[in-house]
Structures are given as structure tokens and as C-alpha cells.
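A.B. asks: upload.txt is reproduced below (compact mmCIF, C-alpha atoms and all ligand atoms).
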```txt
# COMPACT_ATOMS: atom_id res chain seq x y z
CA MET X 31 -14.16 -0.53 -11.07
CA LYS X 32 -10.58 -0.33 -9.82
CA ARG X 33 -9.77 1.86 -6.83
CA LEU X 34 -6.87 4.23 -6.22
CA GLY X 35 -5.29 4.39 -2.79
CA VAL X 36 -2.92 7.32 -2.35
CA ASN X 37 0.00 6.83 0.02
CA ILE X 38 0.75 10.16 1.75
CA ASP X 39 3.77 9.08 3.83
CA HIS X 40 6.02 11.47 1.99
CA VAL X 41 3.94 14.49 2.92
CA ALA X 42 5.09 13.62 6.44
CA THR X 43 8.66 13.11 5.19
CA LEU X 44 8.62 16.69 3.89
CA ARG X 45 7.13 18.02 7.11
CA ASN X 46 9.67 16.16 9.23
CA ALA X 47 12.55 17.59 7.18
CA ARG X 48 11.82 20.89 8.94
CA GLY X 49 10.70 19.42 12.24
CA GLU X 50 7.67 21.69 12.21
CA PHE X 51 4.03 21.31 11.15
CA HIS X 52 3.88 21.98 7.41
CA PRO X 53 2.83 20.24 5.16
CA ASP X 54 0.34 18.47 7.42
CA PRO X 55 -0.54 14.86 6.43
CA PHE X 56 -3.95 15.31 8.11
CA ILE X 57 -4.80 18.10 5.66
CA ALA X 58 -3.24 16.12 2.80
CA ALA X 59 -5.48 13.13 3.59
CA LYS X 60 -8.63 15.24 3.34
CA PHE X 61 -7.30 17.01 0.26
CA VAL X 62 -6.41 13.91 -1.78
CA LYS X 63 -9.83 12.44 -0.99
CA LYS X 64 -11.40 15.59 -2.42
CA GLN X 65 -9.30 15.16 -5.57
CA GLY X 66 -10.69 11.66 -6.14
CA ALA X 67 -8.59 9.19 -4.13
CA ASP X 68 -10.70 6.19 -3.09
CA SER X 69 -8.65 5.65 0.05
CA ILE X 70 -5.44 6.83 1.60
CA THR X 71 -2.55 4.70 2.79
CA ILE X 72 -0.14 5.49 5.61
CA HIS X 73 2.70 3.40 6.97
CA LEU X 74 3.36 3.64 10.69
CA ARG X 75 6.98 2.51 10.58
CA GLU X 76 8.78 1.17 13.62
CA ASP X 77 11.24 4.09 13.45
CA ARG X 78 8.40 6.61 12.83
CA ARG X 79 10.49 8.16 10.07
CA HIS X 80 7.45 9.75 8.43
CA ILE X 81 3.91 9.13 9.79
CA LYS X 82 3.69 9.45 13.59
CA ASP X 83 1.13 7.87 15.91
CA LEU X 84 -0.74 11.15 16.31
CA ASP X 85 -0.94 11.60 12.50
CA ALA X 86 -2.40 8.11 12.15
CA LYS X 87 -4.92 8.72 14.92
CA LYS X 88 -6.06 12.06 13.49
CA ILE X 89 -6.26 10.73 9.93
CA CYS X 90 -8.34 7.74 11.03
CA SER X 91 -10.78 10.09 12.72
CA ILE X 92 -11.66 11.84 9.44
CA LYS X 93 -15.25 10.99 8.53
CA ASN X 94 -15.96 9.24 5.22
CA LEU X 95 -12.30 8.62 4.52
CA LEU X 96 -11.11 5.04 4.06
CA VAL X 97 -7.69 4.57 5.63
CA ASN X 98 -5.35 1.69 4.90
CA LEU X 99 -2.70 1.43 7.62
CA GLU X 100 0.50 -0.41 6.77
CA ILE X 101 2.17 -2.10 9.72
CA SER X 102 4.93 -4.57 10.47
CA ILE X 103 4.34 -7.60 12.66
CA LYS X 104 6.11 -6.05 15.68
CA ASN X 105 3.97 -6.32 18.84
CA GLU X 106 4.22 -2.63 19.73
CA ILE X 107 3.04 -1.57 16.26
CA VAL X 108 0.19 -4.09 16.20
CA LYS X 109 -0.97 -2.86 19.63
CA ASN X 110 -0.95 0.75 18.43
CA ALA X 111 -2.76 -0.17 15.22
CA LEU X 112 -5.55 -1.80 17.22
CA LYS X 113 -5.97 1.47 19.12
CA ILE X 114 -5.78 3.62 15.97
CA LYS X 115 -8.61 1.59 14.36
CA PRO X 116 -8.07 2.11 10.61
CA ASP X 117 -10.55 0.74 8.07
CA PHE X 118 -7.95 -1.56 6.55
CA ILE X 119 -4.63 -3.09 7.57
CA CYS X 120 -1.83 -4.09 5.25
CA ILE X 121 0.91 -6.17 6.86
CA VAL X 122 4.32 -5.43 5.36
CA PRO X 123 7.87 -6.55 6.07
CA GLU X 124 10.10 -3.97 7.69
CA ASN X 125 13.82 -3.66 7.79
CA ARG X 126 15.44 -0.80 9.67
CA LYS X 127 18.06 0.07 7.07
CA GLU X 128 15.84 -0.04 3.99
CA ILE X 129 14.90 3.17 2.18
CA THR X 130 11.49 1.74 1.34
CA THR X 131 9.73 -1.66 1.59
CA GLU X 132 12.05 -3.81 -0.47
CA GLY X 133 10.01 -6.94 -1.04
CA GLY X 134 7.07 -8.97 0.13
CA LEU X 135 6.55 -10.69 3.47
CA ASN X 136 8.41 -13.87 4.41
CA LEU X 137 5.20 -15.80 5.00
CA ARG X 138 6.85 -19.14 5.71
CA LYS X 139 8.95 -17.75 8.53
CA ASN X 140 6.17 -15.73 10.15
CA GLN X 141 3.07 -17.88 9.56
CA ARG X 142 1.91 -18.22 13.16
CA LYS X 143 2.44 -14.59 14.02
CA ILE X 144 0.72 -13.29 10.89
CA LYS X 145 -2.22 -15.64 11.38
CA SER X 146 -2.77 -14.39 14.91
CA ILE X 147 -2.49 -10.73 13.81
CA ILE X 148 -5.06 -11.29 11.06
CA ARG X 149 -7.40 -12.82 13.66
CA LEU X 150 -7.00 -9.81 15.95
CA PHE X 151 -8.05 -7.40 13.21
CA ARG X 152 -10.79 -9.67 11.91
CA ASN X 153 -12.36 -9.60 15.39
CA LYS X 154 -12.48 -5.81 15.03
CA LYS X 155 -14.00 -6.16 11.54
CA ILE X 156 -10.90 -4.67 9.94
CA ARG X 157 -9.97 -5.94 6.48
CA THR X 158 -6.45 -7.33 6.32
CA SER X 159 -4.17 -7.58 3.37
CA LEU X 160 -0.72 -9.15 3.07
CA PHE X 161 2.03 -7.48 1.04
CA ILE X 162 3.64 -10.33 -0.89
CA ASN X 163 5.91 -10.98 -3.83
CA PRO X 164 4.22 -12.27 -6.98
CA SER X 165 4.47 -15.92 -5.95
CA LEU X 166 1.75 -18.55 -6.40
CA ASN X 167 2.89 -20.29 -3.24
CA ASP X 168 2.63 -17.11 -1.15
CA ILE X 169 -0.91 -16.65 -2.44
CA LEU X 170 -1.92 -20.10 -1.24
CA ILE X 171 -0.28 -19.44 2.13
CA SER X 172 -2.06 -16.05 2.39
CA LYS X 173 -5.40 -17.78 1.93
CA ASN X 174 -4.51 -20.35 4.59
CA LEU X 175 -3.56 -17.61 7.02
CA GLY X 176 -7.03 -16.06 6.66
CA ALA X 177 -6.15 -12.83 4.82
CA ASP X 178 -8.95 -10.95 3.03
CA CYS X 179 -6.66 -9.50 0.38
CA ILE X 180 -3.16 -9.67 -0.98
CA GLU X 181 -1.17 -6.74 -2.25
CA ILE X 182 1.34 -7.76 -4.89
CA HIS X 183 4.73 -6.04 -4.63
CA THR X 184 5.17 -4.47 -8.05
CA GLY X 185 8.65 -3.05 -7.45
CA ARG X 186 10.42 -5.39 -9.85
CA PHE X 187 7.87 -4.81 -12.60
CA ALA X 188 7.97 -1.02 -12.11
CA THR X 189 11.78 -1.00 -12.35
CA LEU X 190 11.69 -3.03 -15.58
CA VAL X 191 9.21 -0.56 -17.09
CA LYS X 192 11.31 2.46 -16.01
CA SER X 193 14.49 0.97 -17.45
CA LYS X 194 12.65 0.03 -20.67
CA LYS X 195 13.61 -3.63 -20.27
CA LYS X 196 11.52 -6.63 -21.26
CA ILE X 197 8.45 -6.77 -19.06
CA LYS X 198 6.49 -9.69 -20.46
CA LYS X 199 7.71 -12.37 -18.04
CA GLU X 200 7.13 -10.29 -14.92
CA PHE X 201 3.78 -9.03 -16.24
CA LEU X 202 2.63 -12.61 -16.80
CA ARG X 203 3.85 -13.61 -13.34
CA ILE X 204 1.72 -10.86 -11.77
CA LYS X 205 -1.23 -11.76 -13.97
CA LYS X 206 -1.07 -15.47 -13.07
CA CYS X 207 -0.86 -14.61 -9.38
CA SER X 208 -3.80 -12.21 -9.64
CA ILE X 209 -5.94 -14.83 -11.38
CA LEU X 210 -5.15 -17.50 -8.78
CA ALA X 211 -5.73 -15.14 -5.83
CA SER X 212 -9.04 -13.96 -7.21
CA LYS X 213 -10.11 -17.55 -7.92
CA ILE X 214 -9.55 -18.60 -4.31
CA GLY X 215 -11.37 -15.57 -2.92
CA LEU X 216 -8.60 -13.10 -2.16
CA GLU X 217 -9.07 -9.52 -3.31
CA VAL X 218 -6.04 -8.42 -5.32
CA HIS X 219 -4.20 -5.14 -4.80
CA ALA X 220 -0.95 -3.92 -6.32
CA GLY X 221 1.63 -1.40 -5.28
CA HIS X 222 5.18 -0.21 -5.05
CA GLY X 223 7.23 1.93 -7.41
CA LEU X 224 4.31 2.51 -9.78
CA ASP X 225 4.11 5.45 -12.16
CA PHE X 226 1.73 6.25 -15.03
CA ARG X 227 3.28 3.73 -17.47
CA SER X 228 3.58 0.74 -15.15
CA THR X 229 0.09 1.36 -13.79
CA LYS X 230 -1.28 1.48 -17.32
CA PHE X 231 0.17 -1.94 -18.07
CA LEU X 232 -1.09 -3.48 -14.85
CA SER X 233 -4.55 -1.99 -15.17
CA LYS X 234 -5.04 -4.50 -18.03
CA ILE X 235 -5.24 -7.21 -15.36
CA ASN X 236 -8.94 -7.36 -14.50
CA GLU X 237 -8.38 -9.12 -11.18
CA ILE X 238 -6.43 -6.20 -9.68
CA LYS X 239 -9.02 -4.17 -7.79
CA GLU X 240 -6.88 -1.61 -6.01
CA PHE X 241 -3.63 0.24 -6.65
CA ASN X 242 -1.71 1.84 -3.81
CA ILE X 243 0.65 4.50 -5.07
CA GLY X 244 2.73 6.98 -3.10
CA HIS X 245 6.15 8.29 -4.05
CA PHE X 246 5.38 9.02 -7.70
CA ILE X 247 2.11 10.79 -6.89
CA ILE X 248 3.76 13.07 -4.32
CA GLY X 249 6.73 13.77 -6.62
CA GLU X 250 4.65 14.43 -9.72
CA SER X 251 2.26 16.62 -7.77
CA ILE X 252 5.10 19.07 -7.12
CA PHE X 253 4.91 19.88 -10.83
CA HIS X 254 1.25 19.36 -11.67
CA GLY X 255 -0.68 19.33 -8.39
CA PHE X 256 -2.60 16.49 -6.71
CA ASN X 257 -5.72 17.26 -8.68
CA LYS X 258 -4.24 16.61 -12.13
CA VAL X 259 -2.08 13.66 -11.05
CA ILE X 260 -4.85 11.83 -9.20
CA LYS X 261 -7.32 12.44 -12.01
CA LYS X 262 -4.81 11.06 -14.53
CA PHE X 263 -4.30 7.91 -12.44
CA LYS X 264 -8.06 7.49 -12.11
CA ARG X 265 -8.41 7.71 -15.90
CA ILE X 266 -5.62 5.16 -16.37
CA ILE X 267 -7.10 2.54 -14.03
CA LYS X 268 -10.73 3.04 -15.09
N1 LIG X 301 2.00 -0.53 -1.05
C1 LIG X 301 2.75 -0.90 0.02
C2 LIG X 301 2.33 -2.10 0.79
C3 LIG X 301 3.90 -0.16 0.40
O1 LIG X 301 4.62 -0.56 1.46
C4 LIG X 301 4.22 1.00 -0.33
C5 LIG X 301 5.40 1.82 0.07
O2 LIG X 301 5.22 2.30 1.36
C6 LIG X 301 3.39 1.36 -1.41
C7 LIG X 301 2.31 0.56 -1.76
C8 LIG X 301 3.64 2.58 -2.21
O3 LIG X 301 4.86 2.52 -2.87
P1 LIG X 301 5.40 3.77 -3.65
O4 LIG X 301 5.60 4.87 -2.65
O5 LIG X 301 6.67 3.29 -4.26
O6 LIG X 301 4.35 4.14 -4.67
```
Output the structure of this file as C-alpha cells.

C.D. replies:
Amino acid sequence: MKRLGVNIDHVATLRNARGEFHPDPFIAAKFVKKQGADSITIHLREDRRHIKDLDAKKICSIKNLLVNLEISIKNEIVKNALKIKPDFICIVPENRKEITTEGGLNLRKNQRKIKSIIRLFRNKKIRTSLFINPSLNDILISKNLGADCIEIHTGRFATLVKSKKKIKKEFLRIKKCSILASKIGLEVHAGHGLDFRSTKFLSKINEIKEFNIGHFIIGESIFHGFNKVIKKFKRIIK
């Protein structure tokens, strides 16, 4: 059974546009769970452009809600994440000027740091995943670093699907990576830029156990509501 993680960062983006309290990501987290999300994802960015520390704290205090907290490797963020105590951690690259996470982690450059961060969370019994490009080498490095899971950056694939270009090569790359990761004991997740069509393609890959989807769900819910959109995604990944 594949799981759906709903990223609610952009509920906070909308709230912050007014500088007030509505819509509240805390209420959104409880609401999307009720509509069938298996977990929720939030990204505590270094610039706090959407989710703030207090949001993360409050959301992680909700009973029976699995929270996946995305963080960079910056010391200040890691320290806060240890205090926030989410159920899961996903380590992502962060670049101040980017609009969204543009690619996977540079594992080679940051091996020692990432390994020590994984150990910190493992000691707290928190599952750690690494957001990586679909690269066989990065999968082997992820295993060596002690990660529990990898999340494959699906941005390139999602863009090919949206622009109706040939997807076979990128699909096979993701499939090969998923098979290798699963074989060496890493749970496989996928996310970034996904919509109904790209998720439908990727749900054919048995090894992918979790999808984390944000922007499209929030945008589509403006027209159809969380209930219908989440239920449709759940049907697609079943
Ligand atoms: N997974 C990870 C690790 C991400 O960083 C993001 C974007 O914050 C997502 C999934 C969701 O991407 P999108 O908002 O494009 O669906």
C-alpha cells in the first residue's frame, strides 16, 4: 500500500501573504489528515518564508498525525528540528534564492555532516530520509550514510510529463533507482512537482512506498477542495 504525504507549506505561504493568522497550517494539518492524508510534510526553511518554528511545534503536537519535517543541514535548523521532534526527517538541499527545492542533495560534498545528522535523529528514533536526484551512486552513498529512506526528486520527470515530452528515459531512471534502493534496504519515496498524471505514471513503480506532494494539491484544492483532491490522489496511488 503506497502512502500519500501532503505538503502544506503553501497554506502558510497564503497566510503570510497577509501577515495575519488565516489560513492556519495547524488547522490545515488536522484537516488534510481527516481527508485521508497518511502524513503531512512541512519544510522549516532557513528564511522561514512559509512554515515558522511555532507552526512546526504546534503541528508536531497533534496526536495521531505523522509529520515529516524537511530541513537543511544548517546547524541552527538541525538544533530546532531536534527540539520540534517530528516523526520523520527529510534532509533537503537549500539555496536562498531558489523558488523551491531545485534538485537533490550534494551527498559527496556533505557526507560527514549528513552522516552525523542522521545519527542524531536515529538516537531519537526519528526516521531519516535523504532527498536525492535519481542517481544510482547517490543511492549507494545514502545507504552508507545510514539513511532509512531516500526520496527521489521527481522534478525533471514531472516537467517532462507536463510538457508532453518523452518520459521513458527518465521513468526508467527512476525505476532503476527505486529497485536498487529497495534491494539494499532503503525505503523509497518520491516527490516534487507531481500532479495527477505524473503520479499515475510513477505509481506503477512498486518500490515507491510514499509520495510527498504539495503545490499541486494546494492549487487544485482551490477549485475542488482538499477532500476531492486527496481522495483522487489516494485512488491513483492505490
Ligand atoms: N518532497 C520534498 C523533499 C520537497 O522539498 C518538496 C517541496 O518542498 C516536495 C516533496 C513537494 O513538492 P511540490 O510542492 O512541488 O509538490

A.B. asks: Compare X:Glu128, X:Asp85, X:Glu237, X:Glu200 by their minimum atom-to-atom distance to ligand LIG 301 (chain X), counting all atoms listed in the file, and give me the closest one.

C.D. replies: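 With all atoms listed in the file as the atom set, the closest residue is X:Glu128.
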
A.B. asks: May I have the residues within 9 Å of X:Leu160 as a ChimeraX atom specification, using only C-alpha atoms and disregarding those fewer than 6 positions away in the same chain?

C.D. replies: /X:119-122,134-135,144,172,177-182

A.B. asks: Output the selection as a JSON list (two decimals), in the frame of the given file - C-alpha atoms for each residue.

C.D. replies:
```json
[["chain", "number", "residue", "atom", "x", "y", "z"],
["X", 119, "ILE", "CA", -4.63, -3.09, 7.57],
["X", 120, "CYS", "CA", -1.83, -4.09, 5.25],
["X", 121, "ILE", "CA", 0.91, -6.17, 6.86],
["X", 122, "VAL", "CA", 4.32, -5.43, 5.36],
["X", 134, "GLY", "CA", 7.07, -8.97, 0.13],
["X", 135, "LEU", "CA", 6.55, -10.69, 3.47],
["X", 144, "ILE", "CA", 0.72, -13.29, 10.89],
["X", 172, "SER", "CA", -2.06, -16.05, 2.39],
["X", 177, "ALA", "CA", -6.15, -12.83, 4.82],
["X", 178, "ASP", "CA", -8.95, -10.95, 3.03],
["X", 179, "CYS", "CA", -6.66, -9.50, 0.38],
["X", 180, "ILE", "CA", -3.16, -9.67, -0.98],
["X", 181, "GLU", "CA", -1.17, -6.74, -2.25],
["X", 182, "ILE", "CA", 1.34, -7.76, -4.89]]
```

A.B. asks: Could you give me, as a PDB file with C-alpha atoms, in the coordinates of the input, every polymer residue with an atom at most 7 Å away from an atom of ligand LIG 301 (chain X), counting only C-alpha atoms and all ligand atoms?

C.D. replies:
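New file result-v1.pdb:
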```
ATOM      1  CA  ASN X  37       0.000   6.830   0.020  1.00  0.00           C
ATOM      2  CA  HIS X  73       2.700   3.400   6.970  1.00  0.00           C
ATOM      3  CA  GLU X 100       0.500  -0.410   6.770  1.00  0.00           C
ATOM      4  CA  CYS X 120      -1.830  -4.090   5.250  1.00  0.00           C
ATOM      5  CA  VAL X 122       4.320  -5.430   5.360  1.00  0.00           C
ATOM      6  CA  THR X 130      11.490   1.740   1.340  1.00  0.00           C
ATOM      7  CA  THR X 131       9.730  -1.660   1.590  1.00  0.00           C
ATOM      8  CA  PHE X 161       2.030  -7.480   1.040  1.00  0.00           C
ATOM      9  CA  GLU X 181      -1.170  -6.740  -2.250  1.00  0.00           C
ATOM     10  CA  ALA X 220      -0.950  -3.920  -6.320  1.00  0.00           C
ATOM     11  CA  GLY X 221       1.630  -1.400  -5.280  1.00  0.00           C
ATOM     12  CA  HIS X 222       5.180  -0.210  -5.050  1.00  0.00           C
ATOM     13  CA  GLY X 223       7.230   1.930  -7.410  1.00  0.00           C
ATOM     14  CA  LEU X 224       4.310   2.510  -9.780  1.00  0.00           C
ATOM     15  CA  ASN X 242      -1.710   1.840  -3.810  1.00  0.00           C
ATOM     16  CA  ILE X 243       0.650   4.500  -5.070  1.00  0.00           C
ATOM     17  CA  GLY X 244       2.730   6.980  -3.100  1.00  0.00           C
ATOM     18  CA  HIS X 245       6.150   8.290  -4.050  1.00  0.00           C
ATOM     19  CA  PHE X 246       5.380   9.020  -7.700  1.00  0.00           C
TER      20      PHE X 246
END
```

A.B. asks: Taking only C-alpha atoms into account, name the residue in X:Ala67, X:His183, X:His80, X:Asn257 that is nearest to X:Arg48.

C.D. replies: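 Going through X:Ala67, X:His183, X:His80, X:Asn257 one by one, the smallest distance to X:Arg48 is for X:His80.
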
A.B. asks: Between X:Ile266, X:Val97, X:Ala59, X:Ile235, which is the closest to X:Ile209 once you count only C-alpha atoms?

C.D. replies: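 Smallest distance to X:Ile209 is found for X:Ile235.
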
A.B. asks: Closest to X:Lys60 among X:Leu175, X:Leu96, X:Ile252, X:Met31, using all atoms listed in the file?

C.D. replies: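 Of all the options, X:Leu96 lies closest to X:Lys60.
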
A.B. asks: What does the distance from atom CA of X:Ile171 to atom CA of X:His219 come to in Å, to one decimal?

C.D. replies: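 Taking atom CA of X:Ile171 as the start and atom CA of X:His219 as the end point, the length is 16.4 Å.
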
A.B. asks: When distances are computed from only C-alpha atoms, which of X:Lys205, X:Lys143, X:Lys64, X:Lys258 shows the smallest separation from X:Ile238?

C.D. replies: X:Lys205

A.B. asks: Would you compute the distance between atom CA of X:Thr189 and atom CA of X:Asp225? Give it in Å to one decimal.

C.D. replies: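 Separating atom CA of X:Thr189 from atom CA of X:Asp225 is a distance of 10.0 Å.
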